[in-house]
Amino acid sequence: MTAIAADTGPQWVNDLMDALGAPGAGLAIALENLFPPLPSEVILPLAGFAASSGRMGLLAVLLWTTAGSVIGALALYGIGALLGRDRTVAIAARLPLVKVSDIEKTEAWFLKHGTKAVFFGRMIPIFRSLISVPAGVERMRLPVFLGLTTLGSAIWNTVFVLAGYLLGANWHEVTAVVSTYSKVVLALAALAVAVFAGTRLLRRPGRGAGNCATSHTTAAPAQPPHSPSS
């Protein structure tokens with residue numbers, strides 16, 4: 001196999017694809033699921049470019065990258081299942097500004113909307129990996145989890161692999177567009193965390209202490225008038 005030029009992307013991704021071909025691209029995507037900061041938005045178009053150059057088959061790239069996504073998600077699902085609900089609640093309850101009631105609300109939300117979250121979550125940076133953990137904690141039925149993960153990942157991977165395939169040597173243009181998308185998603189997530197933290201701080205005990213103290217101070221009951229002595 002002809003080596004992929006070193007200046008066309010992360011060297012470790014190039015090395016994997018040079019050594020293993022399409023399975024190397026799948027391995028890179030599996031690692032990206034386990035370590036979200038790794039850039040799938042770079043790996044997938046780069047794999048598409050490699051396919052357009054004849055270094056590996058396009059269908060093989062699509063199949064292996066989707067398999068890598070599923071394997072990585074399954075590993076995180078297993079971590080969530082091993083933690084279990086009780087341990088997760090115990091850990092989260094120790095975090096500042098987090099209440100057990102918040103965990104229970106999140107749990108109820110996931111039980112109601114978990115299938116949508118797993119499917120659409122595969123198309124949202126960072127969340128794409130993290131959503132597998134609560135799915136494991138809540139023991140979502142494995143066939144359902146695998147089906148939704150495979151379908152959502154296949155859509156996401158196909159879009160980026162084909163973009164790299166069609167753009168060829170200009171595959172870098174994909175990363176510029178997705179970088180903006182990722183920044184918007186992260187900004188919204190940061191805003192949500194800030195609103196949550198601000199709400200919790202405003203509700204901290206003590207803000208109404210003055211009112212409480214006032215309410216406990218009551219006027220002395222009036223003494224009954226003394227009857228005149230005879």
# chains A, B, ... in the order shown; residues from 1 in each chain; ligands from 1
$ residues_around --residues "segment 48-58 of chain A" --least-positions-apart "4" --cutoff "9 Å" --atoms "only C-alpha atoms" --output "list in words"
Met1, Thr2, Ala3, Ile4, Met17, Asp18, Gly21, Ala22, Ile43, Leu44, Leu62, Leu63, Phe160, Val161, Leu162, Ala163, Gly164, Tyr165, Leu166, Leu167, Gly168, Ala169, Asn170 and Trp171 of chain A
$ atom_distance --atom1 "atom CA of Ala81 of chain A" --atom2 "atom CA of Leu142 of chain A"
10.9 Å
$ residues_around --residues "Val70 of chain A" --least-positions-apart "3" --cutoff "8 Å" --atoms "only C-alpha atoms" --output "list in words"
Ala30, Thr66, Ala67, Ala73, Leu74, Leu146, Thr149, Thr150 and Ser153 of chain A
$ write_last_selection --atoms "all heavy atoms" --output "CSV table (one decimal), in the first residue's frame"
chain,number,residue,atom,x,y,z
A,30,ALA,N,-12.8,3.8,16.7
A,30,ALA,CA,-13.1,3.2,18.0
A,30,ALA,C,-12.4,4.0,19.1
A,30,ALA,O,-13.0,4.2,20.2
A,30,ALA,CB,-12.6,1.7,18.0
A,66,THR,N,-17.8,2.3,10.7
A,66,THR,CA,-19.0,2.1,11.4
A,66,THR,C,-18.8,1.1,12.5
A,66,THR,O,-19.3,1.2,13.6
A,66,THR,CB,-20.2,1.7,10.5
A,66,THR,OG1,-20.4,2.8,9.6
A,66,THR,CG2,-21.5,1.5,11.3
A,67,ALA,N,-18.1,0.0,12.1
A,67,ALA,CA,-17.8,-1.0,13.1
A,67,ALA,C,-17.0,-0.5,14.3
A,67,ALA,O,-17.3,-0.8,15.5
A,67,ALA,CB,-17.1,-2.2,12.5
A,73,ALA,N,-18.6,2.5,21.2
A,73,ALA,CA,-19.8,2.8,22.0
A,73,ALA,C,-20.1,1.7,22.9
A,73,ALA,O,-20.6,1.9,24.1
A,73,ALA,CB,-20.9,3.1,21.1
A,74,LEU,N,-19.9,0.5,22.5
A,74,LEU,CA,-20.2,-0.7,23.3
A,74,LEU,C,-19.3,-0.8,24.5
A,74,LEU,O,-19.7,-1.2,25.6
A,74,LEU,CB,-20.0,-2.0,22.4
A,74,LEU,CG,-20.5,-3.3,23.1
A,74,LEU,CD1,-22.0,-3.2,23.4
A,74,LEU,CD2,-20.3,-4.5,22.1
A,146,LEU,N,-27.5,-1.3,20.2
A,146,LEU,CA,-26.6,-1.6,19.0
A,146,LEU,C,-27.3,-1.2,17.7
A,146,LEU,O,-26.6,-0.6,16.8
A,146,LEU,CB,-26.3,-3.1,19.0
A,146,LEU,CG,-25.4,-3.6,20.1
A,146,LEU,CD1,-25.3,-5.1,20.0
A,146,LEU,CD2,-24.0,-3.0,20.0
A,149,THR,N,-27.2,2.7,17.6
A,149,THR,CA,-25.8,3.2,17.5
A,149,THR,C,-25.3,2.9,16.1
A,149,THR,O,-24.6,3.8,15.5
A,149,THR,CB,-24.9,2.4,18.5
A,149,THR,OG1,-25.4,2.8,19.8
A,149,THR,CG2,-23.5,2.8,18.4
A,150,THR,N,-25.6,1.7,15.6
A,150,THR,CA,-25.1,1.4,14.2
A,150,THR,C,-25.7,2.3,13.2
A,150,THR,O,-25.0,2.9,12.3
A,150,THR,CB,-25.5,-0.1,13.9
A,150,THR,OG1,-24.9,-0.9,14.8
A,150,THR,CG2,-25.0,-0.4,12.5
A,153,SER,N,-24.4,6.0,13.7
A,153,SER,CA,-23.0,6.1,13.4
A,153,SER,C,-22.8,6.0,11.9
A,153,SER,O,-22.0,6.7,11.3
A,153,SER,CB,-22.2,5.0,14.1
A,153,SER,OG,-22.3,5.2,15.5
$ atom_distance --atom1 "atom CA of Phe120 of chain A" --atom2 "atom CA of Gly152 of chain A"
6.5 Å
$ atom_distance --atom1 "atom CA of Trp109 of chain A" --atom2 "atom CA of Ile29 of chain A"
28.8 Å
